[in-house]
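Colleague: I am attaching a structure below and will ask some questions about it afterwards.
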There are 2 protein chains.
Amino acid sequence: MNTLTEMPTMTPEICQRDVPPALIDKLRSRFADQFSIALAVREHHGRDESSFAAPPPAGVLFAQSTQDVVDAVKLASEFCVPIIPFGVGTSLEGHLLAVQGGISIDVSRMNRVLAINAEDLTVTAEAGVTRKQLNEAVKSTGLFFPIDPGADATLGGMSATRASGTNAVRYGTMRENVLALKVVSAGGDVLRTGTRAKKSSAGYDLTRLMVGSEGTLGIITEVTVKLYPLPEAISAAICSFPSIEAAVRSTIQIIQLGIPIARVELIDGNTVRMVNAHSKLSLREEPLLLMEFHGSPTGVKEQAESVQEIATGFGGTAFEWATTPEERTRLWAARHNAYFGAIQSRPGCRAISTDTCVPISRLADCLLDSVAEADASGIPYFLVGHVGDGNFHFGYLIDPNIPEERAIAERLNHALVTRALKLEGTCTGEHGVGLHKMDFLVSEAGAAAMDMMRTIKRALDPKNIMNPGKIFTL
Amino acid sequence: MNTLTEMPTMTPEICQRDVPPALIDKLRSRFADQFSIALAVREHHGRDESSFAAPPPAGVLFAQSTQDVVDAVKLASEFCVPIIPFGVGTSLEGHLLAVQGGISIDVSRMNRVLAINAEDLTVTAEAGVTRKQLNEAVKSTGLFFPIDPGADATLGGMSATRASGTNAVRYGTMRENVLALKVVSAGGDVLRTGTRAKKSSAGYDLTRLMVGSEGTLGIITEVTVKLYPLPEAISAAICSFPSIEAAVRSTIQIIQLGIPIARVELIDGNTVRMVNAHSKLSLREEPLLLMEFHGSPTGVKEQAESVQEIATGFGGTAFEWATTPEERTRLWAARHNAYFGAIQSRPGCRAISTDTCVPISRLADCLLDSVAEADASGIPYFLVGHVGDGNFHFGYLIDPNIPEERAIAERLNHALVTRALKLEGTCTGEHGVGLHKMDFLVSEAGAAAMDMMRTIKRALDPKNIMNPGKIFTL
């Protein structure tokens, strides 16, 4: 393991630019009550679910339309002041922090579902619509939007971080599911990228360039995504395993055989204990896979039989079924609340999350060594994984008042990322780079790719006003 | 329909830059026999399957390694001379023409399959490997690479044009299936974009930026793509319909119900006649759907039953099955040879291909009006479609010596694209923009998106040496 001294610093560089009173005046005059400089509002918009801290933005604009965003961007550009798009604040990587000062643009009031094209399996919505709101809006069509990062994030935020989650193993990530965007550029132009056609070879893929750009190239104001028919049959199952390795090796085999499983989530025994306590469940406190199968009734049955056979071969026991929607909802709620269960298990703690993703054949190597290191460290942690994609998260539960604990957690994270990169993986499967993974990104992408990213950034945002200091510094 | 005078010109602007003898000398000295200025070689590399013509490149480099490409790019940059990557010459849109002069870099000798990672369902190969070669190489693993544009194109070319084809309705396009690339930038740097991890949120999606960039941002030298387990069961079926509309409406319903059909191809009655003549078949000379189902034996049976029921509801008859690999191969070969069958049907003709793609609900509107226009024009044509994706191709079979025929064909194409854009579709589903669709791209993307594309191009290729004059002019 690397020693602490070899580690790059994980403290965000804070270098706030001046926000001139003249800009505040102009924003007030243009936006009246939509613009706030109240401290509580600024503080709420100056943090996210990460463990980082920075002074809050100088003001918050509650945008209600693309035109609002355009006007705000043009003013910010005039004064060369940073702007930071904000959805509902669920970033885990410090994306929302005003590390270079500036104005937060909250798009949560841009929450209209604009066009449900059920016959085309697409929907267009404003960037502030959350995934749960979207699914509620399309419910009557028999379709659903599968991307589920756990948090009830906005489509804008999910696009900006290239989010995914539990269903990605079958339905892909925001990369595969965003068809088109409306974006406000750094110059205040309104672009439409992509169309509602399912595929296209028409020029540079600006949609995919914006997806995952973390607000650094433009502000997303509308998103068109794919929908899917609700499966005729859904069943969920829990299977306990004698070891993490057994659960992981089962997963690897499920994927390698091409079984179209819709969800396959690992929860380690220790985290099951936290989940039980938080969600009042009585799951066996052993490593488990939480799975879901989508398809026709016979298709689901076939998938489940194949998976059960594989799991049994690795010592999996207690294959329990949840077939009613209520049981399934309870199980997935418990999975999504693992984070809160973990936080609750150590009052006052903060979680430092990891997000590596490796090719599926490397998953056991990557995960087991990291479990051993985490166990040896003495820091409590939770461990959950979208293991079907080779993606998993440790959350090291540190006491934020004990610097040594943060240092240990960062050392564990550093060792894990180093391992994942050696195994041809990535430092971030779905959370994004933000402030936390800038050094890791350099290791992963290499100097030439970083140069290309910076060149694009400089060309598209020459004043460096779009969420500056995230992904990389210029 | 628009009149001819309203149409933008479809003649490529030819403005060849000087290729100094000093550059030729340096290329000869560095590359010896790998570099050729023989007229036949240059002419072969100065055209593609499009109907365009331009003077050939000044020389052709047969690259054998990424380093060869780096050295050639650096020399070209030094002399500010265009370079045009070349795979096997199957572009339909003039991508390979030296409209601004320069050097062709042929990567077809870079044809090594570098790493088959069967357990991860990935393979890495040099850019000159063709899709058939790739499938041959991975055959013993029980996996396959599904993207099938018909022609036996190279992975580099397929990536550069964001190609797809018959299987895309189920497996996606190159956009979804390229995981990582090795690219030589305009400055001669070697970049790796992406990793072998299935998903990532690590920085700008340079992979997707390069996919579809048509050689204008860099030269792709290695490609990592996804593989899929060969389905346990495959069956193919042909179903004839009383009208194109009936076939299209069946397709729309198949897609809207979420049936995971692997291929669903439309061939109109007239084109069936051409196919029969060319491939010595006796298919009913009526509009037909050629379909393929992949899955477990029961899954395939379920899909086929659902589809048969839908087709019957629209008057589909003569549902014929091809279950042996030989029968299937013969059918798909016939489909892929539709182009050649069509060309043969009018000796000496050239095909002007269309490539619109629309949301599935708009497919009937888009297609039927365009069929009526084509019928009224008197120009013979073929019509085939990846209709499950809303994508179809007319090929207007013109006599290249009769300018009026070309004008009529372009007028038909223009009317079709205009219609597709109004229906929220794209001017090109899979062929790329090349020389032929530059004006259409402007209509589709709009001024702000075009500005962003040009800004990216200027930043990444300040000397405008990477396949200049394609996608847009600067």
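Identifiers in this document derive from the order of the structure tokens: chains are assigned A, B, ..., residues are numbered from 1 separately in each chain, and ligands are numbered from 1 in order of occurrence.
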Identify all chain A residues at most 6 Å from chain B by counting only C-alpha atoms; ligands do not count. Present them as a PyMOL selection string.
Modeller: chain A and resi 119-120+162+191+195-197+199-202+204-205+209+213+229+258+357-361+424-425+428-430+432-433+448-449
Colleague: For A:Leu368, list every protein, DNA or RNA residue within 12 Å, evaluated using only C-alpha atoms, and leave out those in the same chain fewer than 2 positions away; present the list as an mmCIF file with N, CA and C atoms, in the first residue's frame.
Modeller:
```
data_model
loop_
_atom_site.group_PDB
_atom_site.id
_atom_site.type_symbol
_atom_site.label_atom_id
_atom_site.label_comp_id
_atom_site.auth_asym_id
_atom_site.auth_seq_id
_atom_site.Cartn_x
_atom_site.Cartn_y
_atom_site.Cartn_z
ATOM 1 N N SER A 243 -19.129 -16.050 1.538
ATOM 2 C CA SER A 243 -18.040 -15.064 1.501
ATOM 3 C C SER A 243 -18.331 -14.051 0.409
ATOM 4 N N ILE A 244 -17.661 -12.913 0.485
ATOM 5 C CA ILE A 244 -17.770 -11.919 -0.588
ATOM 6 C C ILE A 244 -17.286 -12.528 -1.887
ATOM 7 N N GLU A 245 -16.212 -13.306 -1.783
ATOM 8 C CA GLU A 245 -15.656 -13.913 -2.984
ATOM 9 C C GLU A 245 -16.688 -14.788 -3.694
ATOM 10 N N ALA A 246 -17.443 -15.570 -2.923
ATOM 11 C CA ALA A 246 -18.441 -16.458 -3.529
ATOM 12 C C ALA A 246 -19.514 -15.627 -4.243
ATOM 13 N N ALA A 247 -19.924 -14.537 -3.627
ATOM 14 C CA ALA A 247 -20.941 -13.677 -4.246
ATOM 15 C C ALA A 247 -20.403 -13.050 -5.528
ATOM 16 N N VAL A 248 -19.145 -12.613 -5.452
ATOM 17 C CA VAL A 248 -18.547 -11.961 -6.625
ATOM 18 C C VAL A 248 -18.347 -12.960 -7.751
ATOM 19 N N ARG A 249 -17.867 -14.148 -7.418
ATOM 20 C CA ARG A 249 -17.625 -15.143 -8.479
ATOM 21 C C ARG A 249 -18.945 -15.579 -9.126
ATOM 22 N N ASP A 268 -22.171 -6.306 1.603
ATOM 23 C CA ASP A 268 -21.370 -7.188 2.464
ATOM 24 C C ASP A 268 -22.055 -7.367 3.821
ATOM 25 N N ARG A 362 -11.832 -8.898 -13.445
ATOM 26 C CA ARG A 362 -10.890 -8.387 -12.453
ATOM 27 C C ARG A 362 -11.580 -8.029 -11.131
ATOM 28 N N LEU A 363 -12.886 -8.207 -11.113
ATOM 29 C CA LEU A 363 -13.656 -7.721 -9.975
ATOM 30 C C LEU A 363 -13.226 -8.360 -8.655
ATOM 31 N N ALA A 364 -13.069 -9.679 -8.660
ATOM 32 C CA ALA A 364 -12.703 -10.352 -7.408
ATOM 33 C C ALA A 364 -11.349 -9.850 -6.918
ATOM 34 N N ASP A 365 -10.368 -9.771 -7.834
ATOM 35 C CA ASP A 365 -9.031 -9.296 -7.450
ATOM 36 C C ASP A 365 -9.101 -7.902 -6.831
ATOM 37 N N CYS A 366 -9.852 -7.040 -7.496
ATOM 38 C CA CYS A 366 -9.889 -5.645 -7.064
ATOM 39 C C CYS A 366 -10.586 -5.521 -5.712
ATOM 40 N N SER A 370 -9.026 -5.048 -1.515
ATOM 41 C CA SER A 370 -9.427 -3.789 -0.893
ATOM 42 C C SER A 370 -10.211 -4.020 0.392
ATOM 43 N N VAL A 371 -10.969 -5.112 0.432
ATOM 44 C CA VAL A 371 -11.667 -5.484 1.666
ATOM 45 C C VAL A 371 -10.642 -5.788 2.756
ATOM 46 N N ALA A 372 -9.608 -6.534 2.373
ATOM 47 C CA ALA A 372 -8.573 -6.883 3.353
ATOM 48 C C ALA A 372 -7.911 -5.612 3.904
ATOM 49 N N GLU A 373 -7.612 -4.681 3.023
ATOM 50 C CA GLU A 373 -6.991 -3.431 3.468
ATOM 51 C C GLU A 373 -7.917 -2.627 4.379
ATOM 52 N N ALA A 374 -9.197 -2.584 3.994
ATOM 53 C CA ALA A 374 -10.140 -1.815 4.804
ATOM 54 C C ALA A 374 -10.298 -2.453 6.187
ATOM 55 N N ASP A 375 -10.386 -3.781 6.200
ATOM 56 C CA ASP A 375 -10.505 -4.476 7.489
ATOM 57 C C ASP A 375 -9.293 -4.180 8.374
ATOM 58 N N LEU A 383 -19.975 -1.379 2.378
ATOM 59 C CA LEU A 383 -19.559 -1.858 1.066
ATOM 60 C C LEU A 383 -20.787 -2.330 0.310
ATOM 61 N N PHE A 392 -18.167 -0.879 -7.606
ATOM 62 C CA PHE A 392 -18.590 -1.003 -6.209
ATOM 63 C C PHE A 392 -18.146 0.222 -5.428
ATOM 64 N N PHE A 394 -16.974 1.501 -1.563
ATOM 65 C CA PHE A 394 -16.736 1.537 -0.127
ATOM 66 C C PHE A 394 -17.172 2.922 0.354
ATOM 67 N N LEU A 416 -6.958 1.637 -3.557
ATOM 68 C CA LEU A 416 -8.009 0.992 -4.346
ATOM 69 C C LEU A 416 -7.995 1.495 -5.790
ATOM 70 N N ARG A 419 -5.053 0.195 -7.709
ATOM 71 C CA ARG A 419 -5.302 -1.207 -8.077
ATOM 72 C C ARG A 419 -6.263 -1.284 -9.268
ATOM 73 N N ALA A 420 -7.343 -0.526 -9.204
ATOM 74 C CA ALA A 420 -8.346 -0.578 -10.282
ATOM 75 C C ALA A 420 -7.736 -0.141 -11.621
#
```
Colleague: State, in Å with one decimal place, the distance from atom CA of B:Arg30 to atom CA of B:Leu75.
Modeller: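 Here the two named atoms are 10.0 Å from each other.
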Colleague: Would you list, as a ChimeraX atom specification, the residues of stretch 329-383 of chain B that end up in alpha helix (DSSP H) under DSSP run on this structure's backbone?
Modeller: /B:329-336,338-345,363-377
Colleague: Near B:Gly157, counting only C-alpha atoms, which residues have an atom at most 10 Å away, once you skip same-chain residues fewer than 6 positions from it, shown as a PDB file with N, CA and C atoms, in the first residue's frame?
Modeller:
```
ATOM      1  N   PRO B  85      -7.388   9.455 -43.307  1.00  0.00           N
ATOM      2  CA  PRO B  85      -7.290   8.033 -42.961  1.00  0.00           C
ATOM      3  C   PRO B  85      -8.141   7.180 -43.902  1.00  0.00           C
ATOM      4  N   PHE B  86      -7.657   5.993 -44.196  1.00  0.00           N
ATOM      5  CA  PHE B  86      -8.302   5.091 -45.155  1.00  0.00           C
ATOM      6  C   PHE B  86      -8.283   3.674 -44.590  1.00  0.00           C
ATOM      7  N   GLY B  87      -9.445   3.010 -44.589  1.00  0.00           N
ATOM      8  CA  GLY B  87      -9.519   1.626 -44.109  1.00  0.00           C
ATOM      9  C   GLY B  87      -9.592   0.679 -45.290  1.00  0.00           C
ATOM     10  N   VAL B  88     -10.815   0.372 -45.725  1.00  0.00           N
ATOM     11  CA  VAL B  88     -10.961  -0.442 -46.934  1.00  0.00           C
ATOM     12  C   VAL B  88     -11.826   0.254 -47.983  1.00  0.00           C
ATOM     13  N   GLY B  89     -12.128   1.525 -47.756  1.00  0.00           N
ATOM     14  CA  GLY B  89     -12.750   2.315 -48.829  1.00  0.00           C
ATOM     15  C   GLY B  89     -14.233   2.120 -49.019  1.00  0.00           C
ATOM     16  N   THR B  90     -14.968   1.731 -47.948  1.00  0.00           N
ATOM     17  CA  THR B  90     -16.392   1.457 -48.121  1.00  0.00           C
ATOM     18  C   THR B  90     -17.293   2.634 -47.751  1.00  0.00           C
ATOM     19  N   SER B  91     -16.711   3.796 -47.466  1.00  0.00           N
ATOM     20  CA  SER B  91     -17.550   4.972 -47.175  1.00  0.00           C
ATOM     21  C   SER B  91     -18.520   5.242 -48.313  1.00  0.00           C
ATOM     22  N   HIS B  95     -16.057  10.396 -47.657  1.00  0.00           N
ATOM     23  CA  HIS B  95     -15.101  10.664 -46.570  1.00  0.00           C
ATOM     24  C   HIS B  95     -13.649  10.574 -47.012  1.00  0.00           C
ATOM     25  N   VAL B 107      -4.667   2.283 -43.196  1.00  0.00           N
ATOM     26  CA  VAL B 107      -4.372   1.505 -41.977  1.00  0.00           C
ATOM     27  C   VAL B 107      -4.713   0.027 -42.144  1.00  0.00           C
ATOM     28  N   ALA B 127      -6.865  -0.732 -35.899  1.00  0.00           N
ATOM     29  CA  ALA B 127      -7.969  -0.080 -36.628  1.00  0.00           C
ATOM     30  C   ALA B 127      -8.253  -0.709 -37.982  1.00  0.00           C
ATOM     31  N   GLY B 128      -7.267  -1.427 -38.549  1.00  0.00           N
ATOM     32  CA  GLY B 128      -7.461  -2.000 -39.872  1.00  0.00           C
ATOM     33  C   GLY B 128      -8.143  -3.361 -39.867  1.00  0.00           C
ATOM     34  N   VAL B 129      -8.424  -3.896 -38.685  1.00  0.00           N
ATOM     35  CA  VAL B 129      -9.137  -5.177 -38.607  1.00  0.00           C
ATOM     36  C   VAL B 129     -10.574  -4.963 -39.093  1.00  0.00           C
ATOM     37  N   THR B 130     -11.045  -5.857 -39.950  1.00  0.00           N
ATOM     38  CA  THR B 130     -12.430  -5.727 -40.418  1.00  0.00           C
ATOM     39  C   THR B 130     -13.356  -6.511 -39.497  1.00  0.00           C
ATOM     40  N   ALA B 163     -20.817   3.841 -37.244  1.00  0.00           N
ATOM     41  CA  ALA B 163     -21.594   2.924 -38.077  1.00  0.00           C
ATOM     42  C   ALA B 163     -22.498   2.025 -37.245  1.00  0.00           C
ATOM     43  N   VAL B 211     -15.604   8.880 -31.848  1.00  0.00           N
ATOM     44  CA  VAL B 211     -16.523   8.035 -32.616  1.00  0.00           C
ATOM     45  C   VAL B 211     -17.467   8.965 -33.386  1.00  0.00           C
ATOM     46  N   GLY B 212     -17.438   8.881 -34.698  1.00  0.00           N
ATOM     47  CA  GLY B 212     -18.283   9.740 -35.520  1.00  0.00           C
ATOM     48  C   GLY B 212     -17.609  11.017 -35.968  1.00  0.00           C
ATOM     49  N   GLU B 214     -15.153  11.221 -38.047  1.00  0.00           N
ATOM     50  CA  GLU B 214     -14.835  11.082 -39.473  1.00  0.00           C
ATOM     51  C   GLU B 214     -13.400  11.490 -39.814  1.00  0.00           C
ATOM     52  N   GLY B 215     -12.500  11.203 -38.900  1.00  0.00           N
ATOM     53  CA  GLY B 215     -11.087  11.493 -39.172  1.00  0.00           C
ATOM     54  C   GLY B 215     -10.707  12.948 -39.050  1.00  0.00           C
ATOM     55  N   ILE B 219      -6.623  10.357 -35.752  1.00  0.00           N
ATOM     56  CA  ILE B 219      -6.647   9.091 -36.489  1.00  0.00           C
ATOM     57  C   ILE B 219      -6.698   7.951 -35.483  1.00  0.00           C
ATOM     58  N   ILE B 220      -7.731   7.147 -35.592  1.00  0.00           N
ATOM     59  CA  ILE B 220      -7.925   6.018 -34.689  1.00  0.00           C
ATOM     60  C   ILE B 220      -6.991   4.891 -35.111  1.00  0.00           C
TER      61      ILE B 220
END
```
Colleague: Find the spatial neighbours of B:Arg350, counting only C-alpha atoms, within a cut-off of 8 Å - ignore same-chain residues fewer than 2 positions away - and output them as a ChimeraX atom specification.
Modeller: /B:51,343,348,352,396-400
Colleague: Would you compute the distance between atom CA of B:Pro287 and atom CA of B:Asn413? Give it in Å to one decimal.
Modeller: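 Computed distance, atom CA of B:Pro287 to atom CA of B:Asn413, equals 21.4 Å.
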Colleague: Where does DSSP see strand (DSSP E or B) in stretch 168-413 of chain B, if you list the residues as number ranges by chain?
Modeller: B: 178-185, 190-193, 218-226, 228-229, 233-240, 263-267, 288-295, 317-322, 350-353, 357, 381-386, 391-398
Colleague: When distances are computed from only C-alpha atoms, which of A:Asp48, A:Glu126, A:Glu327, A:Asp71 shows the smallest separation from A:Leu92?
Modeller: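 Ranked by minimum distance to A:Leu92, first place goes to A:Asp48.
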Colleague: Counting only C-alpha atoms, what is within 12 Å of B:Ala322, bar same-chain residues fewer than 3 positions away, as a VMD selection string?
Modeller: chain B and resid 234 to 239 290 to 293 319 325 to 332
